[in-house]
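Enquirer: Provided below: entry-v9.txt, containing compact mmCIF, C-alpha atoms.
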```
# COMPACT_ATOMS: atom_id res chain seq x y z
CA MET F 281 -94.22 -91.91 -72.93
CA HIS F 282 -92.13 -88.72 -72.48
CA VAL F 283 -90.13 -89.17 -75.68
CA ASP F 284 -86.82 -87.28 -75.72
CA GLU F 285 -85.46 -86.41 -79.15
CA ASN F 286 -82.05 -85.66 -77.60
CA TYR F 287 -81.66 -89.01 -75.83
CA VAL F 288 -78.27 -90.62 -76.56
CA SER F 289 -77.50 -94.24 -75.82
CA GLY F 290 -74.26 -94.35 -73.84
CA ALA F 291 -74.79 -90.92 -72.29
CA THR F 292 -74.47 -90.20 -68.59
CA VAL F 293 -77.61 -89.84 -66.52
CA GLU F 294 -76.11 -86.69 -64.98
CA SER F 295 -76.53 -85.08 -68.41
CA ALA F 296 -80.19 -86.20 -68.58
CA CYS F 297 -78.92 -88.89 -71.00
CA HIS F 298 -77.85 -86.25 -73.53
CA LYS F 299 -74.03 -86.35 -73.44
CA LEU F 300 -71.85 -89.37 -74.11
CA ALA F 301 -69.86 -90.70 -71.21
CA LYS F 302 -66.11 -90.14 -71.18
CA GLU F 303 -63.43 -92.46 -69.85
CA SER F 304 -63.33 -90.35 -66.70
CA ASP F 305 -67.02 -91.12 -66.07
CA VAL F 306 -66.37 -94.68 -64.95
CA THR F 307 -68.53 -94.29 -61.85
CA SER F 308 -71.47 -92.80 -63.70
CA GLN F 309 -74.59 -94.69 -64.71
CA VAL F 310 -74.74 -94.88 -68.48
CA ALA F 311 -77.93 -94.76 -70.54
CA GLY F 312 -78.87 -97.91 -72.43
CA PRO F 313 -80.44 -98.08 -75.89
CA LEU F 314 -83.94 -98.43 -74.40
CA GLY F 315 -83.64 -96.18 -71.36
CA ALA F 316 -81.94 -95.68 -68.01
CA PRO F 317 -84.05 -97.39 -65.31
CA GLY F 318 -84.36 -95.46 -62.08
CA ALA F 319 -82.65 -92.38 -63.50
CA LYS F 320 -83.92 -88.89 -64.18
CA CYS F 321 -83.97 -89.38 -67.95
CA ASP F 322 -86.83 -89.56 -70.42
CA SER F 323 -87.62 -92.20 -73.02
CA PRO F 324 -85.65 -92.76 -76.20
CA ALA F 325 -87.88 -92.83 -79.28
CA ARG F 326 -86.89 -96.46 -79.76
CA LEU F 327 -88.53 -97.46 -76.47
CA ALA F 328 -91.82 -95.82 -77.48
CA GLN F 329 -91.64 -97.37 -80.94
CA GLU F 330 -90.86 -100.89 -79.70
CA THR F 331 -93.59 -100.67 -77.05
CA LEU F 332 -96.22 -99.78 -79.63
CA GLU F 333 -94.92 -102.47 -81.97
CA TRP F 334 -95.24 -105.05 -79.19
CA VAL F 335 -98.81 -104.00 -78.46
CA ALA F 336 -99.68 -104.09 -82.15
CA ARG F 337 -97.96 -107.44 -82.67
CA ASN F 338 -99.65 -109.14 -79.72
CA TRP F 339 -102.91 -107.31 -79.14
CA ARG F 340 -104.11 -105.25 -82.10
CA ASP F 341 -106.60 -107.88 -83.31
CA LYS F 342 -107.96 -108.35 -79.78
CA LEU F 343 -108.48 -104.70 -78.79
CA ASP F 344 -111.68 -102.67 -79.02
CA PHE F 345 -110.09 -99.27 -78.33
CA VAL F 346 -106.99 -97.60 -76.89
CA VAL F 347 -106.81 -95.09 -74.02
CA TRP F 348 -103.74 -92.83 -74.26
CA THR F 349 -103.33 -90.73 -71.13
CA GLY F 350 -100.94 -88.00 -72.29
CA ASP F 351 -97.40 -86.71 -71.79
CA SER F 352 -95.75 -87.63 -75.06
CA ALA F 353 -93.18 -84.83 -74.78
CA ARG F 354 -90.05 -84.87 -72.63
CA HIS F 355 -89.42 -83.02 -69.38
CA ASP F 356 -87.09 -80.06 -69.01
CA TYR F 357 -84.49 -82.00 -67.06
CA ASP F 358 -81.61 -80.57 -69.10
CA LYS F 359 -81.52 -76.85 -68.43
CA SER F 360 -79.08 -76.35 -71.30
CA ARG F 361 -81.72 -77.64 -73.75
CA MET F 362 -84.93 -76.12 -72.51
CA ARG F 363 -88.00 -77.04 -74.50
CA LYS F 364 -89.72 -74.64 -76.83
CA ARG F 365 -93.29 -74.83 -78.08
CA LYS F 366 -92.12 -76.09 -81.46
CA ASP F 367 -90.25 -78.97 -79.73
CA ILE F 368 -93.42 -80.07 -77.95
CA TYR F 369 -95.36 -79.97 -81.20
CA THR F 370 -92.66 -81.94 -83.02
CA LEU F 371 -92.56 -84.65 -80.34
CA ASN F 372 -96.33 -85.00 -80.32
CA ARG F 373 -96.42 -85.30 -84.09
CA GLN F 374 -93.76 -88.00 -83.88
CA VAL F 375 -95.57 -90.03 -81.24
CA THR F 376 -98.96 -89.57 -82.91
CA ASP F 377 -97.46 -90.98 -86.12
CA MET F 378 -96.21 -93.98 -84.12
CA VAL F 379 -99.65 -94.54 -82.63
CA LYS F 380 -101.35 -94.30 -86.03
CA LYS F 381 -98.90 -96.76 -87.52
CA ALA F 382 -99.48 -99.21 -84.67
CA PHE F 383 -103.28 -99.13 -84.70
CA TRP F 384 -104.22 -97.96 -88.19
CA SER F 385 -102.61 -100.65 -90.33
CA PRO F 386 -104.29 -100.97 -93.74
CA HIS F 387 -104.56 -104.73 -93.12
CA HIS F 388 -106.51 -104.40 -89.86
CA PRO F 389 -109.70 -102.66 -88.72
CA VAL F 390 -109.14 -99.10 -87.52
CA LEU F 391 -109.04 -98.96 -83.72
CA PRO F 392 -110.50 -95.98 -81.86
CA VAL F 393 -107.76 -94.14 -79.97
CA VAL F 394 -108.66 -91.69 -77.20
CA PRO F 395 -105.86 -89.17 -76.45
CA CYS F 396 -105.66 -86.37 -73.90
CA LEU F 397 -103.27 -83.58 -72.96
CA GLY F 398 -100.53 -84.10 -70.39
CA ASN F 399 -98.90 -81.34 -68.41
CA ASN F 400 -95.74 -81.76 -70.49
CA ASP F 401 -97.68 -81.47 -73.76
CA VAL F 402 -98.32 -77.74 -73.26
CA PHE F 403 -96.10 -74.68 -73.25
CA PRO F 404 -95.07 -73.27 -70.90
CA HIS F 405 -94.92 -76.40 -68.76
CA ASN F 406 -98.26 -77.01 -66.95
CA ALA F 407 -99.82 -73.82 -68.38
CA ILE F 408 -102.96 -73.86 -70.52
CA ASP F 409 -106.28 -72.05 -70.59
CA GLU F 410 -109.12 -71.60 -73.05
CA LYS F 411 -107.31 -68.64 -74.65
CA ASP F 412 -104.36 -70.62 -76.00
CA HIS F 413 -105.88 -70.92 -79.46
CA ASP F 414 -102.61 -71.90 -81.13
CA LEU F 415 -102.15 -74.97 -78.92
CA LEU F 416 -105.82 -75.99 -78.99
CA SER F 417 -105.88 -75.66 -82.78
CA PHE F 418 -102.67 -77.68 -83.13
CA TYR F 419 -103.99 -80.67 -81.16
CA GLU F 420 -107.45 -80.48 -82.71
CA LYS F 421 -105.85 -80.86 -86.14
CA LEU F 422 -103.31 -83.46 -84.95
CA TRP F 423 -105.95 -85.68 -83.32
CA ARG F 424 -108.77 -84.89 -85.73
CA PRO F 425 -109.08 -88.54 -86.87
CA TRP F 426 -110.06 -89.44 -83.29
CA ILE F 427 -112.22 -86.43 -82.38
CA PRO F 428 -115.81 -86.73 -83.66
CA THR F 429 -116.96 -83.82 -85.82
CA GLY F 430 -119.59 -82.80 -83.29
CA GLN F 431 -117.00 -82.65 -80.50
CA ARG F 432 -114.44 -80.42 -82.18
CA LYS F 433 -116.04 -77.26 -80.80
CA SER F 434 -115.65 -78.45 -77.19
CA PHE F 435 -112.09 -79.47 -77.94
CA ARG F 436 -111.22 -76.06 -79.34
CA GLN F 437 -112.64 -74.39 -76.22
CA GLY F 438 -110.74 -76.50 -73.70
CA ALA F 439 -109.18 -79.70 -75.14
CA TYR F 440 -111.88 -82.15 -74.05
CA PHE F 441 -114.22 -84.34 -76.07
CA ALA F 442 -116.47 -87.41 -76.02
CA THR F 443 -116.32 -90.33 -78.40
CA GLN F 444 -118.16 -93.60 -78.85
CA VAL F 445 -115.85 -96.62 -78.76
CA ALA F 446 -118.42 -99.44 -78.83
CA PRO F 447 -122.22 -99.75 -78.97
CA HIS F 448 -123.66 -97.72 -76.07
CA LEU F 449 -120.16 -97.17 -74.68
CA ARG F 450 -118.45 -93.77 -74.64
CA VAL F 451 -115.19 -92.31 -73.39
CA LEU F 452 -114.90 -88.75 -72.09
CA SER F 453 -111.40 -87.36 -72.63
CA VAL F 454 -111.03 -84.75 -69.89
CA ASN F 455 -108.48 -81.95 -69.77
CA THR F 456 -107.34 -82.25 -66.15
CA LEU F 457 -104.98 -79.29 -66.56
CA LEU F 458 -108.02 -77.04 -66.17
CA PHE F 459 -108.19 -78.29 -62.54
CA PHE F 460 -104.43 -78.63 -61.98
CA ASN F 461 -102.98 -76.69 -59.05
CA ARG F 462 -99.67 -76.17 -60.89
CA ASN F 463 -101.36 -74.47 -63.83
CA PRO F 464 -100.52 -70.77 -63.30
CA LEU F 465 -103.28 -69.66 -65.69
CA ILE F 466 -106.10 -71.27 -63.69
CA GLU F 467 -107.50 -70.12 -60.36
CA ASP F 468 -109.85 -72.02 -58.04
CA CYS F 469 -113.08 -73.31 -59.54
CA GLY F 470 -116.39 -71.82 -58.51
CA SER F 471 -117.34 -69.23 -61.10
CA LYS F 472 -119.64 -69.65 -64.07
CA ASN F 473 -116.94 -68.73 -66.57
CA HIS F 474 -114.09 -70.70 -64.97
CA PRO F 475 -112.81 -73.05 -67.71
CA GLY F 476 -112.74 -75.95 -65.25
CA ASP F 477 -116.38 -75.42 -64.33
CA VAL F 478 -117.31 -74.99 -67.99
CA GLN F 479 -115.72 -78.38 -68.59
CA LEU F 480 -117.59 -79.89 -65.64
CA ALA F 481 -120.86 -78.55 -67.03
CA TRP F 482 -120.00 -80.21 -70.35
CA MET F 483 -119.17 -83.45 -68.50
CA GLU F 484 -122.50 -83.39 -66.71
CA ASP F 485 -124.32 -82.83 -70.01
CA GLN F 486 -122.53 -85.85 -71.48
CA LEU F 487 -123.27 -88.03 -68.44
CA ARG F 488 -126.92 -86.96 -68.36
CA LEU F 489 -127.21 -87.78 -72.08
CA ALA F 490 -125.61 -91.18 -71.55
CA ARG F 491 -128.03 -91.98 -68.72
CA ARG F 492 -130.99 -90.95 -70.86
CA GLU F 493 -129.75 -93.11 -73.76
CA LYS F 494 -128.87 -96.03 -71.45
CA ALA F 495 -125.18 -95.82 -72.41
CA LYS F 496 -122.12 -96.37 -70.22
CA VAL F 497 -119.13 -94.08 -69.87
CA TYR F 498 -115.43 -94.28 -69.11
CA ILE F 499 -113.60 -91.10 -68.10
CA MET F 500 -109.93 -90.63 -68.87
CA GLY F 501 -107.41 -87.85 -68.36
CA HIS F 502 -103.82 -87.19 -67.40
CA VAL F 503 -103.64 -85.93 -63.79
CA PRO F 504 -105.66 -88.01 -61.30
CA PRO F 505 -107.99 -85.93 -59.13
CA SER F 506 -106.55 -85.59 -55.63
CA ALA F 507 -105.65 -83.06 -52.96
CA ARG F 508 -102.08 -83.39 -54.16
CA ASP F 509 -102.73 -82.13 -57.69
CA PHE F 510 -106.16 -80.48 -57.99
CA ARG F 511 -107.21 -77.08 -56.70
CA PRO F 512 -109.50 -77.75 -53.71
CA THR F 513 -112.69 -76.30 -55.20
CA CYS F 514 -112.01 -78.05 -58.51
CA LEU F 515 -111.57 -81.37 -56.70
CA ASP F 516 -114.79 -80.90 -54.76
CA ASN F 517 -116.74 -79.93 -57.87
CA TYR F 518 -115.30 -82.84 -59.85
CA MET F 519 -116.22 -85.38 -57.17
CA ALA F 520 -119.70 -83.87 -56.76
CA THR F 521 -120.25 -84.30 -60.50
CA VAL F 522 -118.99 -87.84 -61.01
CA SER F 523 -120.50 -89.24 -57.81
CA GLN F 524 -123.98 -88.43 -59.11
CA TYR F 525 -123.48 -90.75 -62.07
CA SER F 526 -122.14 -93.94 -60.49
CA ASP F 527 -124.75 -95.85 -62.51
CA VAL F 528 -123.27 -94.49 -65.74
CA ILE F 529 -119.50 -94.23 -65.10
CA MET F 530 -117.89 -97.65 -65.33
CA GLY F 531 -114.26 -96.61 -64.90
CA GLN F 532 -111.84 -93.68 -64.68
CA PHE F 533 -108.29 -93.88 -66.04
CA PHE F 534 -105.34 -91.55 -65.38
CA GLY F 535 -101.54 -91.39 -65.67
CA HIS F 536 -99.08 -88.63 -64.67
CA LEU F 537 -97.69 -90.25 -61.51
CA ASN F 538 -95.90 -93.13 -63.28
CA MET F 539 -96.94 -95.56 -60.53
CA ASP F 540 -99.39 -98.47 -60.49
CA HIS F 541 -102.09 -97.72 -57.89
CA PHE F 542 -105.66 -96.57 -57.31
CA MET F 543 -107.45 -93.87 -55.36
CA LEU F 544 -110.80 -94.43 -53.69
CA TYR F 545 -113.12 -91.68 -52.47
CA ASP F 546 -116.32 -91.93 -50.45
CA ALA F 547 -118.70 -89.37 -51.95
CA SER F 548 -120.25 -88.69 -48.54
CA GLN F 549 -116.90 -87.60 -47.08
CA PRO F 550 -115.01 -84.33 -47.70
CA THR F 551 -112.22 -84.61 -50.25
CA ASN F 552 -109.96 -81.96 -48.70
CA GLN F 553 -107.39 -84.43 -47.44
CA THR F 554 -104.06 -82.79 -46.80
CA PHE F 555 -100.95 -83.81 -48.66
CA ARG F 556 -97.65 -82.45 -47.42
CA GLN F 557 -95.57 -81.43 -50.42
CA THR F 558 -91.83 -81.92 -50.14
CA ASP F 559 -89.56 -79.49 -51.97
CA GLU F 560 -88.62 -82.14 -54.50
CA ASP F 561 -92.23 -83.23 -55.01
CA LYS F 562 -93.35 -79.75 -56.04
CA GLY F 563 -92.12 -80.43 -59.56
CA GLY F 564 -95.15 -82.59 -60.29
CA ASP F 565 -94.35 -86.17 -61.28
CA LEU F 566 -93.34 -88.71 -58.64
CA HIS F 567 -90.10 -90.53 -59.32
CA ALA F 568 -87.82 -93.07 -57.68
CA THR F 569 -85.37 -90.23 -57.11
CA ARG F 570 -87.93 -88.40 -54.96
CA ASP F 571 -89.36 -89.03 -51.52
CA ILE F 572 -92.22 -91.47 -52.19
CA THR F 573 -92.72 -92.42 -48.55
CA GLU F 574 -95.11 -89.52 -47.98
CA TYR F 575 -97.23 -90.51 -50.96
CA VAL F 576 -97.48 -94.15 -49.89
CA SER F 577 -98.50 -93.08 -46.38
CA TRP F 578 -101.10 -90.73 -47.83
CA LEU F 579 -102.59 -93.59 -49.88
CA ARG F 580 -102.75 -95.89 -46.88
CA ASP F 581 -104.47 -93.16 -44.85
CA MET F 582 -106.98 -92.77 -47.66
CA TYR F 583 -107.83 -96.47 -47.57
CA SER F 584 -107.92 -96.56 -43.77
CA ALA F 585 -110.34 -93.64 -43.59
CA LEU F 586 -112.97 -95.32 -45.75
CA ASP F 587 -116.23 -95.90 -43.89
CA PRO F 588 -117.66 -97.94 -42.42
CA VAL F 589 -115.35 -99.78 -40.05
CA THR F 590 -116.19 -102.97 -38.23
CA SER F 591 -115.48 -103.97 -34.64
CA ASP F 592 -114.88 -107.57 -35.68
CA PRO F 593 -111.23 -107.86 -36.82
CA ASN F 594 -112.01 -111.12 -38.62
CA LYS F 595 -114.70 -109.60 -40.81
CA LEU F 596 -114.29 -107.21 -43.72
CA PRO F 597 -116.29 -103.99 -43.48
CA ASP F 598 -119.57 -103.74 -45.30
CA TYR F 599 -119.75 -101.74 -48.48
CA PRO F 600 -120.66 -98.06 -47.90
CA ALA F 601 -124.14 -96.94 -48.87
CA SER F 602 -122.85 -93.73 -50.51
CA PRO F 603 -121.25 -93.88 -53.97
CA LEU F 604 -117.55 -94.64 -54.12
CA VAL F 605 -115.37 -93.05 -56.78
CA VAL F 606 -112.49 -95.20 -58.06
CA LEU F 607 -109.59 -93.63 -59.94
CA GLN F 608 -107.19 -96.04 -61.62
CA VAL F 609 -103.65 -94.76 -62.11
CA ALA F 610 -101.57 -96.81 -64.53
CA PRO F 611 -97.77 -96.90 -64.70
CA SER F 612 -96.06 -95.39 -67.72
CA VAL F 613 -93.61 -96.24 -70.47
CA LEU F 614 -91.22 -93.70 -68.97
CA PRO F 615 -88.29 -95.88 -67.80
CA ILE F 616 -88.00 -94.29 -64.35
CA TYR F 617 -89.39 -97.71 -63.44
CA TRP F 618 -89.71 -100.59 -65.85
CA PRO F 619 -91.93 -99.44 -68.73
CA ALA F 620 -95.44 -100.82 -68.46
CA ILE F 621 -98.76 -101.10 -70.31
CA ARG F 622 -102.14 -102.40 -69.22
CA ILE F 623 -104.82 -104.49 -70.97
CA TYR F 624 -108.36 -104.26 -69.58
CA ARG F 625 -111.26 -106.68 -69.90
CA TYR F 626 -114.83 -105.43 -69.72
CA GLU F 627 -118.35 -106.80 -70.15
CA THR F 628 -119.10 -106.43 -73.86
CA ASN F 629 -122.68 -107.73 -74.07
CA PRO F 630 -124.89 -104.61 -74.46
CA SER F 631 -127.91 -106.51 -73.17
CA ALA F 632 -126.17 -107.55 -69.92
CA SER F 633 -127.13 -105.70 -66.75
CA ASN F 634 -123.43 -105.08 -66.01
CA TYR F 635 -122.53 -103.91 -69.53
CA GLY F 636 -119.32 -101.87 -69.48
CA THR F 637 -118.23 -103.14 -66.08
CA LEU F 638 -114.47 -103.55 -65.91
CA LEU F 639 -113.82 -107.23 -65.23
CA GLY F 640 -110.09 -106.98 -64.59
CA TYR F 641 -106.79 -106.05 -66.15
CA ALA F 642 -103.47 -107.64 -66.97
CA GLN F 643 -100.41 -105.55 -66.11
CA TYR F 644 -97.37 -106.02 -68.38
CA HIS F 645 -93.89 -104.65 -67.98
CA ALA F 646 -90.53 -104.92 -69.75
CA ASN F 647 -87.04 -105.10 -68.33
CA GLN F 648 -85.46 -103.08 -71.10
CA ALA F 649 -81.96 -103.57 -69.67
CA SER F 650 -82.10 -107.28 -70.53
CA TYR F 651 -82.49 -106.38 -74.22
CA ASP F 652 -79.80 -103.71 -74.39
CA ALA F 653 -77.04 -106.24 -74.99
CA VAL F 654 -78.76 -107.87 -77.97
CA PRO F 655 -78.80 -105.45 -80.93
CA GLY F 656 -81.84 -105.85 -83.14
CA LYS F 657 -83.78 -108.01 -80.69
CA PRO F 658 -87.35 -106.69 -80.33
CA LEU F 659 -88.48 -105.62 -76.90
CA GLU F 660 -90.87 -108.05 -75.25
CA TYR F 661 -93.24 -107.26 -72.40
CA GLN F 662 -93.99 -109.90 -69.76
CA LEU F 663 -97.09 -110.42 -67.68
CA GLU F 664 -96.53 -109.00 -64.20
CA TYR F 665 -99.90 -109.86 -62.64
CA THR F 666 -103.65 -109.92 -63.18
CA THR F 667 -106.14 -108.41 -60.75
CA ASP F 668 -108.07 -111.65 -60.32
CA THR F 669 -105.07 -113.88 -59.57
CA LEU F 670 -103.02 -111.48 -57.43
CA TYR F 671 -105.75 -109.59 -55.59
CA GLY F 672 -108.66 -112.01 -55.91
CA MET F 673 -110.86 -109.30 -57.39
CA PRO F 674 -113.99 -110.61 -59.15
CA ASP F 675 -114.17 -107.32 -61.10
CA LEU F 676 -112.99 -103.71 -60.88
CA SER F 677 -116.19 -102.29 -59.44
CA PRO F 678 -116.03 -99.78 -56.56
CA LYS F 679 -117.25 -102.54 -54.25
CA SER F 680 -114.33 -104.80 -55.20
CA TYR F 681 -111.83 -101.97 -54.78
CA HIS F 682 -113.33 -101.13 -51.40
CA ALA F 683 -112.87 -104.74 -50.25
CA LEU F 684 -109.25 -104.74 -51.48
CA ALA F 685 -108.45 -101.41 -49.81
CA LYS F 686 -109.88 -102.45 -46.46
CA ARG F 687 -108.19 -105.86 -46.62
CA MET F 688 -104.78 -104.22 -47.17
CA VAL F 689 -105.03 -102.01 -44.09
CA MET F 690 -106.53 -104.52 -41.63
CA GLY F 691 -103.10 -105.33 -40.19
CA ASP F 692 -103.39 -109.11 -40.23
CA ALA F 693 -101.02 -111.47 -42.06
CA ILE F 694 -103.10 -111.65 -45.24
CA GLY F 695 -103.60 -107.90 -45.32
CA ASN F 696 -99.92 -107.17 -44.77
CA ALA F 697 -98.90 -109.61 -47.51
CA THR F 698 -101.38 -108.03 -49.92
CA TRP F 699 -100.15 -104.54 -49.05
CA THR F 700 -96.54 -105.60 -49.63
CA ALA F 701 -97.39 -107.03 -53.05
CA TYR F 702 -99.36 -103.91 -53.93
CA ILE F 703 -96.53 -101.53 -53.02
CA ARG F 704 -93.90 -103.58 -54.84
CA ASN F 705 -96.04 -103.55 -57.97
CA MET F 706 -96.58 -99.84 -57.55
CA PHE F 707 -92.99 -99.15 -58.56
CA VAL F 708 -92.62 -101.88 -61.20
CA GLN F 709 -89.43 -103.35 -59.87
CA ALA F 710 -86.78 -100.87 -61.04
CA ARG F 711 -84.09 -100.05 -58.50
CA ASN F 712 -86.50 -99.54 -55.66
CA ASN F 713 -85.76 -101.34 -52.41
CA GLU F 714 -87.46 -98.89 -50.08
CA PHE F 715 -90.61 -100.99 -49.63
CA SER F 716 -89.26 -104.49 -50.31
```
Please express the file's structure as structure tokens.
Expert:
Amino acid sequence: MHVDENYVSGATVESACHKLAKESDVTSQVAGPLGAPGAKCDSPARLAQETLEWVARNWRDKLDFVVWTGDSARHDYDKSRMRKRKDIYTLNRQVTDMVKKAFWSPHHPVLPVVPCLGNNDVFPHNAIDEKDHDLLSFYEKLWRPWIPTGQRKSFRQGAYFATQVAPHLRVLSVNTLLFFNRNPLIEDCGSKNHPGDVQLAWMEDQLRLARREKAKVYIMGHVPPSARDFRPTCLDNYMATVSQYSDVIMGQFFGHLNMDHFMLYDASQPTNQTFRQTDEDKGGDLHATRDITEYVSWLRDMYSALDPVTSDPNKLPDYPASPLVVLQVAPSVLPIYWPAIRIYRYETNPSASNYGTLLGYAQYHANQASYDAVPGKPLEYQLEYTTDTLYGMPDLSPKSYHALAKRMVMGDAIGNATWTAYIRNMFVQARNNEFS
């Protein structure tokens, strides 16, 4: 949610929404009470609070658990107010209190919440290793209500843990910063004592245990695994691990990129796809103010490269025999685009053969600008689309994602229309005409 304690409604976006506009700033975009869509500003606390209140008001009694993919603290956009470690801790305490209030009401059952670290939740920015005992201890204490007693040791050694959220259903909260290519404290994976490989060994232990106990697993983290953001050996080792447990892993959820999309890897193919970094993109997050054309082209190339292909243009390709790895990347509450949240449906009958299978999701977003002119009016999110109605997906299995990916790149009228809808949803409507 990237909450900014210095956000000022009525400030100029040139000041990172920190300094009030003057009469001479008539041509400047001015920050609204709930954010500045399309601008390089973070979220006011009110936007985070109203988002959580909307979820609690409309969904708390219907939810089984909550996945919270990190980055509660603001960016360092304003070089005159650079973050300190204590600022990051304060912001995370503030947002954690909001989350507890939303989902731990004394009048409702306690909901499991699964948090993870984002690259803006550590100090310095992006930098963490297993030796940062102060930071690991801080988050272990902050999130202790959600970290099982038996998992606190693994959290203190690298900020990852496993938790059961339903009968025979577990979530692994993974610290993706141990694989992150912008983490200056981490080298390439490949050694026994590398913290990323230690985490992968822990993941494999958890997945092996789940298989033995006939349980299903979701994996969640902040940075989605890709050639753009993971060190090459870490990406290869991650994919080698998860692809062995396609019978156990029912879904993988990530954030970081602020855009609604998915990645799809064929486990039989090398994962060392190239991604050309632009100078602006080297900062990490993708924004409307940056060159997103390269990223969209990279995604399309990923989908196009999936095997097998068919010589019949009127027939979709068959499903590959090797395991496919699906990574779902949800949009964020950060108002660079319209803030968004996602509600998943999954098979809840433990005796069903497809127990844990993701059946679909509903994507909601809010046009916060429409509420800025009405003081005191609560923010409302609207349904943007569902995966079954928009994409015709019977579920969110790798097979269904493979069919969607290949349909979008076939080049016929239906495929082009689906691709257009997909790209427009990717940026959640705010001030983006590049792909309309």
Enquirer: Which residues are near range 337-341 of chain F? Cut-off 9 Å, all atoms listed in the file, ignore same chain within fewer than 6 positions. Put them as a PyMOL selection string.
Expert: chain F and resi 382-383+388-389+391+623
Enquirer: Compile the contact shell of range 628-644 of chain F as an NGL selection string: residues with an atom at most 10 Å away, counting only C-alpha atoms, same-chain residues fewer than 2 positions apart removed.
Expert: :F and (344 or 446-450 or 494-498 or 527-531 or 540 or 610-611 or 618-626 or 646 or 660-669 or 673-677 or 705 or 708)
Enquirer: For the atom pair CA of Lys302 in chain F and CA of Glu285 in chain F, what is the interatomic distance in Å to one decimal place?
Expert: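 If I compute the distance from CA of Lys302 in chain F to CA of Glu285 in chain F, I get 21.3 Å.
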Enquirer: Provide the CA of Gly398 in chain F to CA of Asp546 in chain F distance in Å, to one decimal place.
Expert: 26.6 Å
Enquirer: Show me, as a list of chain:residue names, the residues that have an atom within 10 Å of Pro395 in chain F when counting all atoms listed in the file, minus same-chain residues fewer than 6 positions from it.
Expert: F:Val346, F:Val347, F:Trp348, F:Thr349, F:Gly350, F:Asp351, F:Thr376, F:Tyr419, F:Trp423, F:Trp426, F:Ile427, F:Tyr440, F:Phe441, F:Ser453, F:Val454, F:Met500, F:Gly501, F:His502
Enquirer: Which is closest to Ala439 in chain F among F:Leu314, F:Leu457, F:Met519, F:Val451, if we use only C-alpha atoms?
Expert: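 Nearest candidate to Ala439 in chain F out of F:Leu314, F:Leu457, F:Met519, F:Val451: F:Leu457.
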Enquirer: What gap, in Å, lies between CA of Val478 in chain F and CA of Lys366 in chain F?
Expert: 28.6 Å
Enquirer: Which residues come within 12 Å of Glu294 in chain F, counting all atoms listed in the file, excluding same-chain residues fewer than 6 positions away, as an MDAnalysis selection string?
Expert: chainID F and resid 300:301 305 307:311 316 319:321 357:359
Enquirer: Keeping C-alpha atoms for every residue in the selection just given, could you write it to a file as a PDB file, in the coordinates of the input?
Expert:
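For reference, part_5.pdb as written:
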```
ATOM      1  CA  LEU F 300     -71.850 -89.370 -74.110  1.00  0.00           C
ATOM      2  CA  ALA F 301     -69.860 -90.700 -71.210  1.00  0.00           C
ATOM      3  CA  ASP F 305     -67.020 -91.120 -66.070  1.00  0.00           C
ATOM      4  CA  THR F 307     -68.530 -94.290 -61.850  1.00  0.00           C
ATOM      5  CA  SER F 308     -71.470 -92.800 -63.700  1.00  0.00           C
ATOM      6  CA  GLN F 309     -74.590 -94.690 -64.710  1.00  0.00           C
ATOM      7  CA  VAL F 310     -74.740 -94.880 -68.480  1.00  0.00           C
ATOM      8  CA  ALA F 311     -77.930 -94.760 -70.540  1.00  0.00           C
ATOM      9  CA  ALA F 316     -81.940 -95.680 -68.010  1.00  0.00           C
ATOM     10  CA  ALA F 319     -82.650 -92.380 -63.500  1.00  0.00           C
ATOM     11  CA  LYS F 320     -83.920 -88.890 -64.180  1.00  0.00           C
ATOM     12  CA  CYS F 321     -83.970 -89.380 -67.950  1.00  0.00           C
ATOM     13  CA  TYR F 357     -84.490 -82.000 -67.060  1.00  0.00           C
ATOM     14  CA  ASP F 358     -81.610 -80.570 -69.100  1.00  0.00           C
ATOM     15  CA  LYS F 359     -81.520 -76.850 -68.430  1.00  0.00           C
TER      16      LYS F 359
END
```
Enquirer: Looking at only C-alpha atoms, which of F:Arg424, F:Lys657, F:Arg704, F:Lys472 is the one that sits closest to Glu330 in chain F?
Expert: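 When distances to Glu330 in chain F are compared using only C-alpha atoms, the smallest one comes from F:Lys657.
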Enquirer: Quick one: residues within 12 Å of Phe418 in chain F, only C-alpha atoms counted, chain neighbours fewer than 5 positions away excluded, as number ranges by chain?
Expert: F: 365-366, 368-370, 372-373, 397, 401-402, 412-413, 423-424, 435-436, 439
Enquirer: Could you check which of F:Pro678, F:Pro386, F:Gly672, F:Pro392 is closest to Ser602 in chain F, using only C-alpha atoms?
Expert: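 Checking each candidate against Ser602 in chain F, we get F:Pro678 as the closest.
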Enquirer: Please determine, counting all atoms listed in the file, which residue among F:Gln437, F:Asn455, F:Ser612, F:Thr429 has the shortest atom-to-atom distance to His645 in chain F.
Expert: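 Distance minimum relative to His645 in chain F lands on F:Ser612.
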